[in-house]
Structure formats: structure tokens, C-alpha cells
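Quick notes on the structure that follows.
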Amino acid sequence: MRLSPDLLVFWRHGFANLNATIVFTWALMLALTVGARLVTAHLSMDLKRTRWQNLLEILVTSMATQIESVGVSPGRKYLGFLGTLFVFIAAANLCTVFPGYESPTASLSTTVALALCVFVAVPLFGFRDQGFRGYMRTYIDPTPIMLPFNIISQLSRTLALAVRLFGNMMSGAMIISILLTITPFFFPIVMTALGLLTGMVQAYIFSILAGVYIAAVTGTQKLRPAPQT
Amino acid sequence: MDSTTLIAIASIVTAGLTISLGCLAPALGEGKSVATALTAVAQQPDAAPTITRTLFVGLAMIESLAIYCFVVSMILIFANPFIHVAAAAVAK
């Protein structure tokens with residue numbers, strides 16, 4: 001029983017080794033990029049559309065409304081970052097239906113990398129939107145007494161983002177592998193289905209939490225979000 | 001009983017305690033949140049999609065507390081950092 005897909009090494013040469021995490025991440029990146037390229041190569045503006053274009057349009061518009069509902073406005077401006085996080089994590093978690101696939105999000109390296117992206121991107125968006133002084137003022141927002149707590153919360157929420165995704169995905173894979181030795185046929189299938197739901201919820205939560213952090217530093221959270229229809 | 005055995009015993013007992021106590025509180029919290037959400041849906045069925053979405057997010061946030069405990073217990077059992085130190089000290 002492997003604790004993470006990092007331990008499954010396909011190829012090793014000196015310092016560099018090619019483990020399952022890297023291979024499956026590259027495969028996902030390739031599939032997502034090529035798929036998006038193929039779909040967007042023949043976009044149509046009239047009512048007659050392909051199914052794949054409809055799929056991508058539903059994905060993009062619903063993600064934009066979701067991140068605007070947490071206070072990120074304009075949603076389209078941050079859709080590139082938050083949408084990429086959502087699409088990558090959702091694809092990585094949903095592909096567990098393929099046999100032999102191991103989700104790269106079940107490795108702490110991947111989730112720490114994603115959480116570090118959020119950790120770096122949130123101050124950058126804050127600088128761009130409010131300027132250096134405006135962003136630094138969010139650290140002493142109600143009173144300067146809150147300064148250490150704000151700094152601690154920056155670090156702890158990054159750790160929480162990483163460990164939450166890793167723990168959920170790793171526990172799903174581990175429960176399935178334990179159940180395979182106890183009750184081999186039926187229950188692993190049920191737990192796989194539950195794992196798909198957990199994976200989607202975790203992808204949603206990761207991107208929504210990143211959106212909440214961005215909304216807190218871009219100073220647009222005072223605007224009322226548009227009412228849900 | 002050498003130090004490696006002691007560390008193994010302490011790790012296993014602590015892992016069991018971690019996962020049992022760490023599942024207790026999130027289970028109570030999840031039960032409370034689901035019960036409240038069901039009451040809200042029963043009173044206002046129109047708001048069901050919003051309540052369900054918020055409920056799922058909240059449940060996942062609560063569940064991550066139990067997941068943290070699970071990760072800690074897995075580290076204690078499968079990737080214990082102290083047992084290698086003790087084994088190296090014994091071998092020396």
C-alpha cells in the first residue's frame with residue numbers, strides 16, 4: 001500500500017526521477033490543453049453549436065457566476081486563475097474512474113504547489129488592485145494589534161488548503177485499497193462513487209476559498225453580489 | 001523493550017486516539033449542520049439550491065478537520081519520523 005503516488009517511480013536517472021505524480025500531471029495538462037485547443041478552434045457565434053462548445057460555455061459562465069457570488073468582481077478578471085485551479089483539480093479527481101490512474105492531487109507535492117500558487121497570487125492581485133500601501137493596510141485592518149494574527153492566518157490557510165485537498169484525496173484512495181482486501185467486489189465501487197463526489201466538492205472548495213482570499217484583498221467585497229437567479 | 005518498540009507502541013496508541021477523538025467532534029458538528037440545513041429546507045424549499053451548496057461547502061470544511069486527524073495518524077503509522085532516528089541510534 002503506497003501512501004502517495006510519489007513512491008511509484010517509472011524512470012530514474014541520478015537525481016531526476018519520473019514518478020506517477022509528474023507523469024499523470026503532464027498527461028492531464030496535455031489532455032486539458034489539447035482538448036481546449038481542439039474545442040475552441042471551431043467556435044461558432046450563431047445558435048448552432050457543437051456539444052463540446054456548449055460544455056465549455058457552461059463551465060466558464062457557471063464558474064464566473066460562482067466566483068462573483070463570493071465577492072470577486074469583476075469575475076472575468078480572475079477567472080483565468082481560479083478557473084484553472086478548478087478545472088485542473090476537478091479533472092485530476094474525476095479521472096480516478098480510469099483504472100491504473102492515480103490522482104496527482106493525492107500527493108502532498110501537488111497540493112502544496114497549488115496552495116503556494118494561491119499564497120503568491122493573492123498578494124500580487126492585492127498589489128495590482130490596491131497598490132502597495134493599500135494592500136499593506138489590509139494587514140492592520142481593524143487595529144494594528146491584528147498584525148501577527150493576519151500574518152499567521154496567511155500561513156495557516158495555505159497549509160490548510162494543501163492538507164485538506166491532499167487528505168481528502170489520499171484518504172479516498174486508501175479507503176478503497178483497504179476495502180479491496182476486505183470486501184473485494186461491491187463496496188469499493190460505492191466508495192469510488194463517493195470519492196468522485198468528494199473530488200468535485202474539494203475542487204469547488206479549493207477554487208472558492210482562493211476566490212474568497214482574493215476578494216478579501218482586492219477591496220471589491222463591499223459591492224453587493226448580484227442576486228442569484 | 002528497546003526505544004524502537006516503545007515508539008511503535010506510542011505511535012499506534014496515539015494514532016488510534018487521534019482518529020477516534022478527531023472524528024468525534026466533526027461528526028457532532030456535521031450532524032448539527034445537516035439537521036439545521038434540513039430544517040431550513042423544510043421551511044423554505046425555494047432556497048434549497050443555495051442552502052445545499054452552502055451546506056456542502058460547510059460539510060467539506062468541517063470534514064477537513066477529521067481529515068487532518070487522519071493525515072496525522074497515517075503519518076504516525078506509515079511515515080513516523082522518530083522511528084528512523086531511534087533505529088539509527090540503536091544501530092550505532
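Ordering of the C-alpha cells sets the chain letters (A, B, ...), residue numbers begin anew at 1 in every chain, and ligands are numbered from 1 in the order given.
Residues lying within 9 Å of stretch 148-150 of chain A, counting only C-alpha atoms and ignoring same-chain neighbours fewer than 4 positions away, are Thr138, Tyr139, Ile140, Pro144, Gln154 and Leu155 of chain A.
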- Check: which chain A residues lie within 10 Å of chain B using only C-alpha atoms, as a VMD selection string: chain A and resid 1 to 3 160 to 161 163 to 171 198 201 to 202 204 to 206 208 to 209 228
- Find the spatial neighbours of stretch 14-21 of chain A, counting only C-alpha atoms, within a cut-off of 12 Å - ignore same-chain residues fewer than 2 positions away - and output them as a PyMOL selection string. chain A and resi 2+4-12+23-28+92+100-111
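With distances taken over only C-alpha atoms, B:Ile62 is the one residue among B:Ala86, B:Ile62, B:Ile77, B:Ile7 lying closest to B:Cys23.
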- Task: List every residue of stretch 81-133 of chain A that DSSP, applied to the backbone, labels as alpha helix (DSSP H), and write the result as a ChimeraX atom specification.
- Result: /A:81-94,108-133
- Item | Polymer residues at most 9 Å from B:Ser3, only C-alpha atoms, same-chain spacing of 3 or more positions, as a list of chain:residue names | B:Leu6, B:Ile7, B:Ala8, B:Ile83, B:Ala86, B:Ala87, B:Val90
- With only C-alpha atoms as the basis for distance, which of B:Ala42, B:Ala15, B:Ala35, B:Ala91 is at the shortest distance from B:Leu55? B:Ala35
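Our summary of the geometry notes that atom CA of A:Leu94 is positioned 21.8 Å from atom CA of A:Cys117.
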- Message: So, with only C-alpha atoms as the atoms that count, which of A:Ala203, A:Ile67, A:Leu197, A:Met136 lies closest to A:Leu85?
- Response: A:Ala203
- Neighbour list for A:Thr40 as a ChimeraX atom specification, cut-off 9 Å, only C-alpha atoms, skip fewer than 5 positions in-chain: /A:35,52-53,56
Would you mind exporting C-alpha atoms of the selected residues as a JSON list (two decimals), in the first residue's frame?
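Saved file result37.json follows:
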```json
[["chain", "number", "residue", "atom", "x", "y", "z"],
["A", 35, "GLY", "CA", -8.83, 19.38, -25.61],
["A", 52, "TRP", "CA", -18.14, 20.49, -26.65],
["A", 53, "GLN", "CA", -18.55, 24.22, -27.13],
["A", 56, "LEU", "CA", -17.05, 24.77, -22.20]]
```
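Candidate residues A:Ala41, A:Ile22, A:Ala210, A:Ala215 were compared for distance to A:Leu82, and the nearest is A:Ala210, using only C-alpha atoms.
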- Item | Shell around stretch 120-135 of chain A at 9 Å using only C-alpha atoms, local window under 6 positions removed, as a list in words | Tyr78, Phe81, Ala210, Tyr213, Ile214, Ala216, Val217, Thr218 and Gly219 of chain A
